[in-house]
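Asks: Supplied structure: upload.cif, mmCIF, C-alpha atoms.
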data_upload
#
loop_
_atom_site.group_PDB
_atom_site.id
_atom_site.type_symbol
_atom_site.label_atom_id
_atom_site.label_comp_id
_atom_site.auth_asym_id
_atom_site.auth_seq_id
_atom_site.Cartn_x
_atom_site.Cartn_y
_atom_site.Cartn_z
ATOM 1 C CA MET G 136 15.120 2.514 9.710
ATOM 2 C CA ALA G 137 18.055 1.759 11.979
ATOM 3 C CA ALA G 138 21.689 1.474 11.034
ATOM 4 C CA ALA G 139 22.826 -0.769 8.188
ATOM 5 C CA SER G 140 24.534 -3.136 10.637
ATOM 6 C CA ARG G 141 21.223 -4.191 12.152
ATOM 7 C CA LYS G 142 19.627 -7.522 11.319
ATOM 8 C CA PRO G 143 17.143 -7.454 8.427
ATOM 9 C CA HIS G 144 13.543 -6.750 9.332
ATOM 10 C CA ARG G 145 11.796 -10.140 9.501
ATOM 11 C CA VAL G 146 8.607 -10.495 7.447
ATOM 12 C CA VAL G 147 6.547 -13.637 8.077
ATOM 13 C CA VAL G 148 3.897 -14.503 5.477
ATOM 14 C CA LEU G 149 1.019 -16.688 6.641
ATOM 15 C CA ALA G 150 -0.030 -19.204 3.977
ATOM 16 C CA LEU G 151 -3.595 -20.420 4.514
ATOM 17 C CA ASP G 152 -5.448 -23.161 2.652
ATOM 18 C CA GLY G 153 -6.961 -21.790 -0.542
ATOM 19 C CA CYS G 154 -4.329 -19.056 -0.817
ATOM 20 C CA LEU G 155 -3.726 -17.368 -4.156
ATOM 21 C CA PRO G 156 -0.185 -18.120 -5.403
ATOM 22 C CA PHE G 157 0.174 -14.662 -6.946
ATOM 23 C CA GLU G 158 -0.640 -12.846 -3.726
ATOM 24 C CA LEU G 159 1.343 -15.308 -1.625
ATOM 25 C CA GLY G 160 4.441 -14.444 -3.670
ATOM 26 C CA ILE G 161 4.096 -10.642 -3.519
ATOM 27 C CA PRO G 162 5.922 -10.121 -0.186
ATOM 28 C CA GLN G 163 8.956 -12.142 -1.272
ATOM 29 C CA ARG G 164 9.092 -10.335 -4.595
ATOM 30 C CA ILE G 165 8.892 -6.835 -3.070
ATOM 31 C CA PHE G 166 10.610 -7.113 0.308
ATOM 32 C CA GLY G 167 13.098 -9.681 -0.968
ATOM 33 C CA ARG G 168 14.424 -7.133 -3.511
ATOM 34 C CA ALA G 169 14.886 -4.252 -1.079
ATOM 35 C CA ALA G 170 18.553 -3.554 -0.358
ATOM 36 C CA ASP G 171 20.687 -0.747 1.046
ATOM 37 C CA THR G 172 23.408 1.112 -0.847
ATOM 38 C CA TRP G 173 25.858 -1.708 -0.061
ATOM 39 C CA GLY G 174 23.538 -4.303 -1.557
ATOM 40 C CA ARG G 175 22.621 -5.806 1.812
ATOM 41 C CA LYS G 176 19.108 -7.163 2.247
ATOM 42 C CA LEU G 177 16.825 -4.948 4.304
ATOM 43 C CA TYR G 178 14.219 -7.655 4.902
ATOM 44 C CA GLU G 179 14.173 -11.377 5.535
ATOM 45 C CA VAL G 180 11.003 -13.040 4.233
ATOM 46 C CA VAL G 181 9.762 -16.325 5.703
ATOM 47 C CA THR G 182 6.565 -18.219 4.858
ATOM 48 C CA CYS G 183 4.708 -20.285 7.436
ATOM 49 C CA SER G 184 1.401 -22.093 7.915
ATOM 50 C CA VAL G 185 -0.876 -22.646 10.906
ATOM 51 C CA ARG G 186 0.125 -26.342 10.919
ATOM 52 C CA PRO G 187 3.458 -28.146 11.107
ATOM 53 C CA PRO G 188 5.584 -27.875 7.948
ATOM 54 C CA GLY G 189 3.992 -29.469 4.908
ATOM 55 C CA PRO G 190 1.811 -28.810 1.866
ATOM 56 C CA VAL G 191 -0.749 -25.989 1.828
ATOM 57 C CA ARG G 192 -3.561 -26.019 -0.719
ATOM 58 C CA THR G 193 -3.861 -23.103 -3.136
ATOM 59 C CA ASP G 194 -6.717 -22.022 -5.369
ATOM 60 C CA ALA G 195 -4.694 -23.352 -8.331
ATOM 61 C CA ASP G 196 -4.117 -26.958 -9.371
ATOM 62 C CA PHE G 197 -1.046 -27.300 -7.147
ATOM 63 C CA ALA G 198 -0.101 -27.043 -3.495
ATOM 64 C CA VAL G 199 2.879 -25.202 -2.009
ATOM 65 C CA LEU G 200 5.310 -26.869 0.366
ATOM 66 C CA VAL G 201 5.680 -24.591 3.387
ATOM 67 C CA GLU G 202 8.735 -25.363 5.484
ATOM 68 C CA ASN G 203 7.774 -23.394 8.626
ATOM 69 C CA GLY G 204 4.987 -23.909 11.124
ATOM 70 C CA PRO G 205 3.185 -21.303 13.253
ATOM 71 C CA GLU G 206 6.185 -20.924 15.571
ATOM 72 C CA ALA G 207 7.690 -18.608 12.920
ATOM 73 C CA LEU G 208 5.091 -15.992 13.853
ATOM 74 C CA ALA G 209 6.844 -15.514 17.191
ATOM 75 C CA THR G 210 9.888 -14.169 15.311
ATOM 76 C CA ALA G 211 8.004 -11.708 13.073
ATOM 77 C CA ASP G 212 8.584 -7.983 12.959
ATOM 78 C CA THR G 213 5.848 -7.820 10.314
ATOM 79 C CA VAL G 214 3.142 -10.424 9.647
ATOM 80 C CA ILE G 215 1.443 -10.518 6.240
ATOM 81 C CA VAL G 216 -1.813 -12.412 5.626
ATOM 82 C CA PRO G 217 -2.554 -12.795 1.890
ATOM 83 C CA ALA G 218 -6.020 -13.652 0.593
ATOM 84 C CA ALA G 219 -7.357 -17.204 0.772
ATOM 85 C CA TYR G 220 -10.547 -18.826 -0.517
ATOM 86 C CA GLU G 221 -10.972 -21.378 2.280
ATOM 87 C CA LEU G 222 -11.462 -19.146 5.313
ATOM 88 C CA GLY G 223 -14.487 -21.084 6.590
ATOM 89 C CA PRO G 224 -15.870 -19.570 9.813
ATOM 90 C CA VAL G 225 -13.606 -16.537 9.405
ATOM 91 C CA TYR G 226 -15.530 -15.545 6.287
ATOM 92 C CA ARG G 227 -18.980 -16.868 7.248
ATOM 93 C CA GLU G 228 -19.136 -15.881 10.913
ATOM 94 C CA GLY G 229 -16.233 -13.530 11.558
ATOM 95 C CA ARG G 230 -14.472 -15.820 14.030
ATOM 96 C CA LEU G 231 -11.056 -17.456 13.996
ATOM 97 C CA THR G 232 -10.508 -21.189 13.716
ATOM 98 C CA PRO G 233 -8.743 -22.865 16.667
ATOM 99 C CA GLU G 234 -5.614 -23.185 14.504
ATOM 100 C CA LEU G 235 -5.552 -19.466 13.753
ATOM 101 C CA THR G 236 -6.264 -18.564 17.360
ATOM 102 C CA ALA G 237 -3.315 -20.678 18.519
ATOM 103 C CA ALA G 238 -1.090 -19.268 15.772
ATOM 104 C CA PHE G 239 -1.851 -15.636 16.631
ATOM 105 C CA ALA G 240 -1.239 -16.333 20.308
ATOM 106 C CA ARG G 241 2.430 -16.682 19.331
ATOM 107 C CA LEU G 242 2.699 -13.087 18.059
ATOM 108 C CA ARG G 243 5.032 -10.866 19.998
ATOM 109 C CA PRO G 244 3.887 -7.404 21.095
ATOM 110 C CA GLY G 245 4.496 -4.666 18.559
ATOM 111 C CA ALA G 246 4.454 -6.852 15.460
ATOM 112 C CA ARG G 247 3.159 -4.943 12.442
ATOM 113 C CA MET G 248 0.084 -6.620 10.923
ATOM 114 C CA VAL G 249 -0.602 -6.479 7.183
ATOM 115 C CA ALA G 250 -3.430 -7.990 5.108
ATOM 116 C CA ILE G 251 -3.669 -8.326 1.344
ATOM 117 C CA CYS G 252 -7.180 -8.406 -0.138
ATOM 118 C CA THR G 253 -9.490 -10.728 1.822
ATOM 119 C CA GLY G 254 -6.682 -11.500 4.234
ATOM 120 C CA GLY G 255 -8.297 -8.581 6.058
ATOM 121 C CA TYR G 256 -11.025 -10.973 7.215
ATOM 122 C CA VAL G 257 -8.422 -12.784 9.306
ATOM 123 C CA LEU G 258 -7.123 -9.599 10.921
ATOM 124 C CA ALA G 259 -10.675 -8.433 11.590
ATOM 125 C CA ALA G 260 -11.691 -11.747 13.144
ATOM 126 C CA ALA G 261 -8.610 -11.542 15.375
ATOM 127 C CA GLY G 262 -9.692 -8.093 16.578
ATOM 128 C CA PHE G 263 -6.859 -6.111 14.991
ATOM 129 C CA LEU G 264 -9.264 -3.919 12.994
ATOM 130 C CA ASP G 265 -11.813 -3.071 15.698
ATOM 131 C CA GLY G 266 -12.673 0.611 15.391
ATOM 132 C CA ARG G 267 -10.017 1.127 12.734
ATOM 133 C CA PRO G 268 -10.111 1.996 9.025
ATOM 134 C CA ALA G 269 -9.495 -0.865 6.603
ATOM 135 C CA THR G 270 -10.063 -1.882 3.007
ATOM 136 C CA THR G 271 -10.429 -5.086 1.025
ATOM 137 C CA HIS G 272 -11.338 -6.123 -2.513
ATOM 138 C CA TRP G 273 -14.195 -3.931 -3.731
ATOM 139 C CA SER G 274 -16.377 -6.976 -4.475
ATOM 140 C CA SER G 275 -16.127 -8.115 -0.831
ATOM 141 C CA ALA G 276 -16.452 -4.715 0.824
ATOM 142 C CA GLU G 277 -20.188 -4.874 1.619
ATOM 143 C CA HIS G 278 -19.935 -8.401 3.047
ATOM 144 C CA PHE G 279 -16.836 -7.420 4.990
ATOM 145 C CA GLN G 280 -18.656 -4.466 6.539
ATOM 146 C CA ARG G 281 -21.676 -6.591 7.473
ATOM 147 C CA THR G 282 -19.474 -9.258 9.024
ATOM 148 C CA PHE G 283 -17.365 -6.777 10.977
ATOM 149 C CA PRO G 284 -19.568 -3.726 11.706
ATOM 150 C CA SER G 285 -16.971 -2.166 14.031
ATOM 151 C CA VAL G 286 -14.454 -1.840 11.163
ATOM 152 C CA LYS G 287 -14.468 1.433 9.198
ATOM 153 C CA VAL G 288 -14.418 -0.035 5.684
ATOM 154 C CA ASP G 289 -13.286 2.177 2.791
ATOM 155 C CA ALA G 290 -13.776 0.395 -0.540
ATOM 156 C CA ASP G 291 -12.464 3.284 -2.654
ATOM 157 C CA VAL G 292 -8.756 3.077 -1.866
ATOM 158 C CA LEU G 293 -5.923 0.772 -2.910
ATOM 159 C CA PHE G 294 -4.593 0.427 0.628
ATOM 160 C CA ILE G 295 -4.867 1.907 4.110
ATOM 161 C CA ASP G 296 -1.949 2.572 6.437
ATOM 162 C CA ASP G 297 -3.179 2.858 10.018
ATOM 163 C CA GLY G 298 0.255 2.710 11.617
ATOM 164 C CA ASP G 299 0.836 -0.795 12.951
ATOM 165 C CA VAL G 300 -2.047 -2.313 10.947
ATOM 166 C CA LEU G 301 -2.244 -2.023 7.153
ATOM 167 C CA THR G 302 -4.735 -3.458 4.657
ATOM 168 C CA SER G 303 -4.962 -3.496 0.876
ATOM 169 C CA ALA G 304 -7.540 -3.963 -1.830
ATOM 170 C CA GLY G 305 -7.397 -6.982 -4.127
ATOM 171 C CA VAL G 306 -4.564 -8.727 -5.896
ATOM 172 C CA ALA G 307 -2.155 -6.157 -7.422
ATOM 173 C CA ALA G 308 -3.015 -3.645 -4.691
ATOM 174 C CA GLY G 309 -0.899 -5.918 -2.500
ATOM 175 C CA ILE G 310 2.083 -4.774 -4.555
ATOM 176 C CA ASP G 311 1.109 -1.145 -3.948
ATOM 177 C CA LEU G 312 0.876 -1.772 -0.219
ATOM 178 C CA CYS G 313 4.196 -3.622 0.039
ATOM 179 C CA LEU G 314 5.966 -0.886 -1.940
ATOM 180 C CA HIS G 315 4.372 1.659 0.378
ATOM 181 C CA ILE G 316 5.776 -0.181 3.389
ATOM 182 C CA VAL G 317 9.259 -0.220 1.842
ATOM 183 C CA ARG G 318 8.881 3.505 1.106
ATOM 184 C CA ARG G 319 7.730 4.163 4.673
ATOM 185 C CA ASP G 320 10.597 2.136 6.146
ATOM 186 C CA HIS G 321 13.453 3.181 3.868
ATOM 187 C CA GLY G 322 12.356 6.065 1.649
ATOM 188 C CA THR G 323 11.406 6.666 -1.963
ATOM 189 C CA ALA G 324 14.749 5.755 -3.537
ATOM 190 C CA VAL G 325 14.738 2.196 -2.170
ATOM 191 C CA ALA G 326 11.066 1.673 -3.041
ATOM 192 C CA ASN G 327 11.566 3.042 -6.558
ATOM 193 C CA ASP G 328 14.506 0.694 -7.096
ATOM 194 C CA VAL G 329 12.362 -2.281 -6.061
ATOM 195 C CA ALA G 330 9.577 -1.098 -8.377
ATOM 196 C CA ARG G 331 11.978 -0.812 -11.317
ATOM 197 C CA ARG G 332 13.297 -4.314 -10.694
ATOM 198 C CA THR G 333 9.756 -5.629 -10.482
ATOM 199 C CA VAL G 334 8.678 -3.648 -13.578
ATOM 200 C CA VAL G 335 5.726 -2.005 -11.840
ATOM 201 C CA PRO G 336 4.925 1.667 -11.199
ATOM 202 C CA PRO G 337 6.345 2.849 -7.871
ATOM 203 C CA HIS G 338 3.044 4.540 -7.077
ATOM 204 C CA ARG G 339 -0.360 4.121 -8.709
ATOM 205 C CA ASP G 340 -2.775 7.007 -8.832
ATOM 206 C CA GLY G 341 -6.261 6.939 -7.415
ATOM 207 C CA GLY G 342 -8.174 4.132 -5.747
ATOM 208 C CA GLN G 343 -9.936 0.924 -6.679
ATOM 209 C CA ALA G 344 -13.061 2.759 -7.811
ATOM 210 C CA GLN G 345 -11.397 2.896 -11.226
ATOM 211 C CA TYR G 346 -11.397 -0.929 -11.359
ATOM 212 C CA VAL G 347 -15.025 -1.543 -10.414
ATOM 213 C CA HIS G 348 -16.946 -3.090 -13.275
ATOM 214 C CA ARG G 349 -18.812 -0.516 -15.359
ATOM 215 C CA PRO G 350 -19.841 -0.259 -19.014
ATOM 216 C CA VAL G 351 -16.879 0.321 -21.320
ATOM 217 C CA PRO G 352 -16.827 3.982 -22.479
ATOM 218 C CA GLU G 353 -17.330 4.729 -26.122
ATOM 219 C CA PRO G 354 -13.964 4.616 -27.936
ATOM 220 C CA GLN G 355 -14.380 8.147 -29.335
ATOM 221 C CA LEU G 356 -14.542 9.655 -25.839
ATOM 222 C CA ALA G 357 -11.361 11.449 -24.841
ATOM 223 C CA THR G 358 -9.397 10.505 -21.732
ATOM 224 C CA THR G 359 -7.683 12.728 -19.198
ATOM 225 C CA SER G 360 -4.170 11.362 -19.692
ATOM 226 C CA GLU G 361 -2.838 14.454 -21.496
ATOM 227 C CA ALA G 362 -4.049 16.694 -18.687
ATOM 228 C CA ARG G 363 -2.307 14.521 -16.118
ATOM 229 C CA ALA G 364 0.936 14.556 -18.093
ATOM 230 C CA TRP G 365 0.694 18.338 -18.440
ATOM 231 C CA ALA G 366 0.065 18.734 -14.710
ATOM 232 C CA LEU G 367 3.108 16.646 -13.789
ATOM 233 C CA ALA G 368 5.260 18.882 -15.994
ATOM 234 C CA HIS G 369 3.855 22.016 -14.329
ATOM 235 C CA LEU G 370 3.517 20.986 -10.678
ATOM 236 C CA HIS G 371 5.618 23.976 -9.631
ATOM 237 C CA ARG G 372 2.949 26.427 -10.740
ATOM 238 C CA PRO G 373 -0.619 26.991 -9.511
ATOM 239 C CA ILE G 374 -2.983 24.681 -11.405
ATOM 240 C CA GLN G 375 -6.697 25.350 -11.568
ATOM 241 C CA LEU G 376 -9.359 22.844 -12.548
ATOM 242 C CA ARG G 377 -10.118 24.854 -15.668
ATOM 243 C CA ASP G 378 -6.434 24.606 -16.696
ATOM 244 C CA LEU G 379 -6.680 20.813 -16.651
ATOM 245 C CA ALA G 380 -10.001 20.786 -18.495
ATOM 246 C CA GLU G 381 -8.550 23.021 -21.226
ATOM 247 C CA GLN G 382 -5.805 20.478 -21.922
ATOM 248 C CA GLU G 383 -8.522 18.036 -23.001
ATOM 249 C CA SER G 384 -10.858 20.660 -24.542
ATOM 250 C CA MET G 385 -13.599 19.686 -22.101
ATOM 251 C CA SER G 386 -15.911 21.595 -19.853
ATOM 252 C CA VAL G 387 -14.915 21.599 -16.193
ATOM 253 C CA ARG G 388 -17.939 19.474 -15.325
ATOM 254 C CA THR G 389 -17.248 16.834 -17.979
ATOM 255 C CA PHE G 390 -13.546 16.751 -17.189
ATOM 256 C CA THR G 391 -14.170 16.311 -13.460
ATOM 257 C CA ARG G 392 -16.567 13.418 -14.056
ATOM 258 C CA ARG G 393 -14.250 11.725 -16.582
ATOM 259 C CA PHE G 394 -11.201 12.206 -14.359
ATOM 260 C CA ARG G 395 -12.872 10.550 -11.377
ATOM 261 C CA GLU G 396 -14.049 7.652 -13.563
ATOM 262 C CA GLU G 397 -10.538 7.039 -14.877
ATOM 263 C CA VAL G 398 -8.395 7.757 -11.825
ATOM 264 C CA GLY G 399 -10.724 7.038 -8.922
ATOM 265 C CA VAL G 400 -10.214 10.358 -7.098
ATOM 266 C CA SER G 401 -10.994 13.987 -7.837
ATOM 267 C CA PRO G 402 -8.490 16.155 -9.765
ATOM 268 C CA GLY G 403 -7.745 18.107 -6.579
ATOM 269 C CA GLN G 404 -7.000 14.969 -4.584
ATOM 270 C CA TRP G 405 -4.788 13.640 -7.375
ATOM 271 C CA LEU G 406 -2.830 16.901 -7.593
ATOM 272 C CA ALA G 407 -2.228 16.871 -3.840
ATOM 273 C CA GLN G 408 -0.945 13.287 -4.064
ATOM 274 C CA GLN G 409 1.465 14.183 -6.864
ATOM 275 C CA ARG G 410 2.768 17.202 -4.981
ATOM 276 C CA VAL G 411 3.391 15.142 -1.875
ATOM 277 C CA GLN G 412 5.310 12.627 -3.994
ATOM 278 C CA ARG G 413 7.387 15.394 -5.594
ATOM 279 C CA ALA G 414 8.156 16.924 -2.197
ATOM 280 C CA ARG G 415 9.228 13.542 -0.812
ATOM 281 C CA GLN G 416 11.592 13.014 -3.710
ATOM 282 C CA LEU G 417 13.156 16.458 -3.308
ATOM 283 C CA LEU G 418 13.481 16.113 0.471
ATOM 284 C CA GLU G 419 15.266 12.778 0.080
ATOM 285 C CA THR G 420 17.560 13.586 -2.815
ATOM 286 C CA THR G 421 18.406 17.319 -2.604
ATOM 287 C CA ASP G 422 19.639 19.932 -0.141
ATOM 288 C CA LEU G 423 17.077 22.508 -1.283
ATOM 289 C CA SER G 424 15.604 24.690 1.434
ATOM 290 C CA MET G 425 12.105 23.957 2.680
ATOM 291 C CA ASP G 426 10.843 27.076 0.895
ATOM 292 C CA GLN G 427 12.347 25.941 -2.413
ATOM 293 C CA VAL G 428 11.025 22.379 -2.072
ATOM 294 C CA ALA G 429 7.584 23.821 -1.362
ATOM 295 C CA ARG G 430 7.756 26.019 -4.467
ATOM 296 C CA ASP G 431 9.073 23.266 -6.752
ATOM 297 C CA ALA G 432 6.392 20.839 -5.560
ATOM 298 C CA GLY G 433 3.670 23.435 -6.074
ATOM 299 C CA PHE G 434 2.683 24.007 -2.461
ATOM 300 C CA GLY G 435 3.677 27.655 -2.625
ATOM 301 C CA THR G 436 4.787 28.024 0.989
ATOM 302 C CA ALA G 437 6.670 25.857 3.453
ATOM 303 C CA GLN G 438 3.714 26.079 5.822
ATOM 304 C CA SER G 439 1.345 24.671 3.214
ATOM 305 C CA MET G 440 3.784 21.858 2.436
ATOM 306 C CA ARG G 441 4.120 21.082 6.131
ATOM 307 C CA GLN G 442 0.359 20.744 6.506
ATOM 308 C CA HIS G 443 0.046 18.448 3.493
ATOM 309 C CA LEU G 444 2.972 16.195 4.455
ATOM 310 C CA GLN G 445 1.845 16.042 8.059
ATOM 311 C CA GLY G 446 -1.582 14.922 6.881
ATOM 312 C CA ALA G 447 -0.323 12.429 4.296
ATOM 313 C CA LEU G 448 2.723 10.996 6.088
ATOM 314 C CA GLY G 449 2.148 11.802 9.748
ATOM 315 C CA VAL G 450 5.453 13.691 10.071
ATOM 316 C CA PRO G 451 6.593 17.226 9.138
ATOM 317 C CA PRO G 452 9.040 17.753 6.230
ATOM 318 C CA THR G 453 12.042 18.357 8.500
ATOM 319 C CA VAL G 454 11.578 15.025 10.277
ATOM 320 C CA TYR G 455 10.947 13.222 6.984
ATOM 321 C CA ARG G 456 14.152 14.605 5.457
ATOM 322 C CA ARG G 457 16.221 13.810 8.554
ATOM 323 C CA THR G 458 14.931 10.236 8.622
ATOM 324 C CA PHE G 459 15.345 9.317 4.969
ATOM 325 C CA ARG G 460 18.457 11.315 4.135
ATOM 326 C CA ALA G 461 20.148 9.534 7.047
ATOM 327 C CA THR G 462 18.906 6.178 5.737
ATOM 328 C CA ALA G 463 20.268 6.916 2.263
ATOM 329 C CA GLN G 464 23.638 7.983 3.660
ATOM 330 C CA ARG G 465 23.909 4.808 5.727
#
Any chance you could put this one into structure tokens?

Replies:
Amino acid sequence: MAAASRKPHRVVVLALDGCLPFELGIPQRIFGRAADTWGRKLYEVVTCSVRPPGPVRTDADFAVLVENGPEALATADTVIVPAAYELGPVYREGRLTPELTAAFARLRPGARMVAICTGGYVLAAAGFLDGRPATTHWSSAEHFQRTFPSVKVDADVLFIDDGDVLTSAGVAAGIDLCLHIVRRDHGTAVANDVARRTVVPPHRDGGQAQYVHRPVPEPQLATTSEARAWALAHLHRPIQLRDLAEQESMSVRTFTRRFREEVGVSPGQWLAQQRVQRARQLLETTDLSMDQVARDAGFGTAQSMRQHLQGALGVPPTVYRRTFRATAQR
């Protein structure tokens, strides 16, 4: 992001009736803890409602007193819409209420739009998700797709970053998404510091498929955790599927099925994710050459690493390093 002397990035959280207090508090907890090397806040978090300042109902036995009305949206660099259980026509018919329509009319061009869980219904009803990929809580995914057929719903992921519009799965996936935004804006070191302060993992593996209700496996069945730990310790070397299966004394077929059940993605997808994370860390924190970073992260060649990072992050390694090393130095 820009120089340390710039004003903090302004995040405006929209509190709707029936909001979930946990999800409403995620942006303040994550963005409110992000700071530069001088301890200066990188974000300013403000909460508003679609009405004049006053109480907003939650799904708990208490209301929250919101001190800002919809005019705060006009000042937002990023707008976050957490889930709410009283969406009315937004949920039933896919259309905004007059209050929401008037509130969104205040948005300034270029504001980044973010939804947590079923907050995606609001963004979809406002037209922000037309023709774009999005996710929501797995239990709402089918209804969401029926209500908004033009949205490309993916119920298997924890969050989706489509540039200026981002959506997450349910509840704790909002933490994953907000940490991702901090990582995208300011790099891995800042995001990891926020995660440590919040006592959450800086990056969770897999998607929400691992959280969909299914019969509990028999307790004697082995897991794939040892194979994952072994892989992380040997990312620098070529790793075959049979190598992972051997760590758990399973057949390749059984291991692959068990891995997907537990992690939510295939072993190959998971390995690629881990290698991208390792490469990001090395690019941000070391002066290793591109060839050495590629070898240490297990990509083998700089060209292979470039292709993977371009696909995962949208920028080549050289641009990523230049952006986030400069941020860290500032």

Asks: Give the answer as one residue: which of G:Gly160, G:Gly403, G:Gly435, G:Gly262 has the shortest atom-to-atom distance to G:Phe239, using only C-alpha atoms?

Replies: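 Result for the nearest residue to G:Phe239: G:Gly262.
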
Asks: Evaluated on this file, the PyMOL selection byres ((chain G and resi 358-375) around 12) picks out some residues - which ones are they, written as an MDAnalysis selection string?

Replies: chainID G and resid 340 352:357 376:385 387 389:398 401:403 405:414 427:436

Asks: Now that the selection is made, can you save its residues with C-alpha atoms as a PDB file, in the frame of the given file?

Replies:
ATOM      1  CA  ASP G 340      -2.775   7.007  -8.832  1.00  0.00           C
ATOM      2  CA  PRO G 352     -16.827   3.982 -22.479  1.00  0.00           C
ATOM      3  CA  GLU G 353     -17.330   4.729 -26.122  1.00  0.00           C
ATOM      4  CA  PRO G 354     -13.964   4.616 -27.936  1.00  0.00           C
ATOM      5  CA  GLN G 355     -14.380   8.147 -29.335  1.00  0.00           C
ATOM      6  CA  LEU G 356     -14.542   9.655 -25.839  1.00  0.00           C
ATOM      7  CA  ALA G 357     -11.361  11.449 -24.841  1.00  0.00           C
ATOM      8  CA  LEU G 376      -9.359  22.844 -12.548  1.00  0.00           C
ATOM      9  CA  ARG G 377     -10.118  24.854 -15.668  1.00  0.00           C
ATOM     10  CA  ASP G 378      -6.434  24.606 -16.696  1.00  0.00           C
ATOM     11  CA  LEU G 379      -6.680  20.813 -16.651  1.00  0.00           C
ATOM     12  CA  ALA G 380     -10.001  20.786 -18.495  1.00  0.00           C
ATOM     13  CA  GLU G 381      -8.550  23.021 -21.226  1.00  0.00           C
ATOM     14  CA  GLN G 382      -5.805  20.478 -21.922  1.00  0.00           C
ATOM     15  CA  GLU G 383      -8.522  18.036 -23.001  1.00  0.00           C
ATOM     16  CA  SER G 384     -10.858  20.660 -24.542  1.00  0.00           C
ATOM     17  CA  MET G 385     -13.599  19.686 -22.101  1.00  0.00           C
ATOM     18  CA  VAL G 387     -14.915  21.599 -16.193  1.00  0.00           C
ATOM     19  CA  THR G 389     -17.248  16.834 -17.979  1.00  0.00           C
ATOM     20  CA  PHE G 390     -13.546  16.751 -17.189  1.00  0.00           C
ATOM     21  CA  THR G 391     -14.170  16.311 -13.460  1.00  0.00           C
ATOM     22  CA  ARG G 392     -16.567  13.418 -14.056  1.00  0.00           C
ATOM     23  CA  ARG G 393     -14.250  11.725 -16.582  1.00  0.00           C
ATOM     24  CA  PHE G 394     -11.201  12.206 -14.359  1.00  0.00           C
ATOM     25  CA  ARG G 395     -12.872  10.550 -11.377  1.00  0.00           C
ATOM     26  CA  GLU G 396     -14.049   7.652 -13.563  1.00  0.00           C
ATOM     27  CA  GLU G 397     -10.538   7.039 -14.877  1.00  0.00           C
ATOM     28  CA  VAL G 398      -8.395   7.757 -11.825  1.00  0.00           C
ATOM     29  CA  SER G 401     -10.994  13.987  -7.837  1.00  0.00           C
ATOM     30  CA  PRO G 402      -8.490  16.155  -9.765  1.00  0.00           C
ATOM     31  CA  GLY G 403      -7.745  18.107  -6.579  1.00  0.00           C
ATOM     32  CA  TRP G 405      -4.788  13.640  -7.375  1.00  0.00           C
ATOM     33  CA  LEU G 406      -2.830  16.901  -7.593  1.00  0.00           C
ATOM     34  CA  ALA G 407      -2.228  16.871  -3.840  1.00  0.00           C
ATOM     35  CA  GLN G 408      -0.945  13.287  -4.064  1.00  0.00           C
ATOM     36  CA  GLN G 409       1.465  14.183  -6.864  1.00  0.00           C
ATOM     37  CA  ARG G 410       2.768  17.202  -4.981  1.00  0.00           C
ATOM     38  CA  VAL G 411       3.391  15.142  -1.875  1.00  0.00           C
ATOM     39  CA  GLN G 412       5.310  12.627  -3.994  1.00  0.00           C
ATOM     40  CA  ARG G 413       7.387  15.394  -5.594  1.00  0.00           C
ATOM     41  CA  ALA G 414       8.156  16.924  -2.197  1.00  0.00           C
ATOM     42  CA  GLN G 427      12.347  25.941  -2.413  1.00  0.00           C
ATOM     43  CA  VAL G 428      11.025  22.379  -2.072  1.00  0.00           C
ATOM     44  CA  ALA G 429       7.584  23.821  -1.362  1.00  0.00           C
ATOM     45  CA  ARG G 430       7.756  26.019  -4.467  1.00  0.00           C
ATOM     46  CA  ASP G 431       9.073  23.266  -6.752  1.00  0.00           C
ATOM     47  CA  ALA G 432       6.392  20.839  -5.560  1.00  0.00           C
ATOM     48  CA  GLY G 433       3.670  23.435  -6.074  1.00  0.00           C
ATOM     49  CA  PHE G 434       2.683  24.007  -2.461  1.00  0.00           C
ATOM     50  CA  GLY G 435       3.677  27.655  -2.625  1.00  0.00           C
ATOM     51  CA  THR G 436       4.787  28.024   0.989  1.00  0.00           C
TER      52      THR G 436
END

Asks: Determine the nearest neighbour of G:Thr210 from the options G:Arg339, G:Arg168, G:Arg241, G:Arg141, counting only C-alpha atoms.

Replies: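 Going through G:Arg339, G:Arg168, G:Arg241, G:Arg141 one by one, the smallest distance to G:Thr210 is for G:Arg241.
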
Asks: Using all atoms listed in the file, can you tell me which of G:Ala219, G:Ile316, G:Leu177, G:Val199 comes closest to G:Met248?

Replies: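 Smallest distance to G:Met248 is found for G:Ile316.
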
Asks: Would you work out the distance separating atom CA of G:Glu221 from atom CA of G:Arg192, expressed in Å to one decimal?

Replies: 9.2 Å

Asks: Which residues, named as in the file, does the PyMOL selection byres ((chain G and resi 324) around 10) pick out? Answer as a list in words.

Replies: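 So the PyMOL selection byres ((chain G and resi 324) around 10), applied here, picks out Asp171, Val317, Arg318, His321, Gly322, Thr323, Val325, Ala326, Asn327, Asp328, Val329, Ala330, Pro337, Arg415, Gln416, Glu419, Thr420, Phe459 and Ala463 of chain G.
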
Asks: Name every residue that the PyMOL selection byres ((chain G and resi 238) around 12) selects in this structure, writing the answer as a ChimeraX atom specification with chains first and numbers rising.

Replies: /G:149-151,183-187,204-209,214,231-237,239-243,257,261

Asks: Quick check, in Å to one decimal: how far apart do atom CA of G:Gln163 and atom CA of G:Phe263 lie?

Replies: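 We find that atom CA of G:Gln163 and atom CA of G:Phe263 lie 23.5 Å from each other.
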
Asks: Show me, as a PyMOL selection string, the residues that have an atom within 7 Å of stretch 304-310 of chain G when counting only C-alpha atoms, minus same-chain residues fewer than 2 positions from it.

Replies: chain G and resi 158+161+251-252+270-273+293-294+312-314
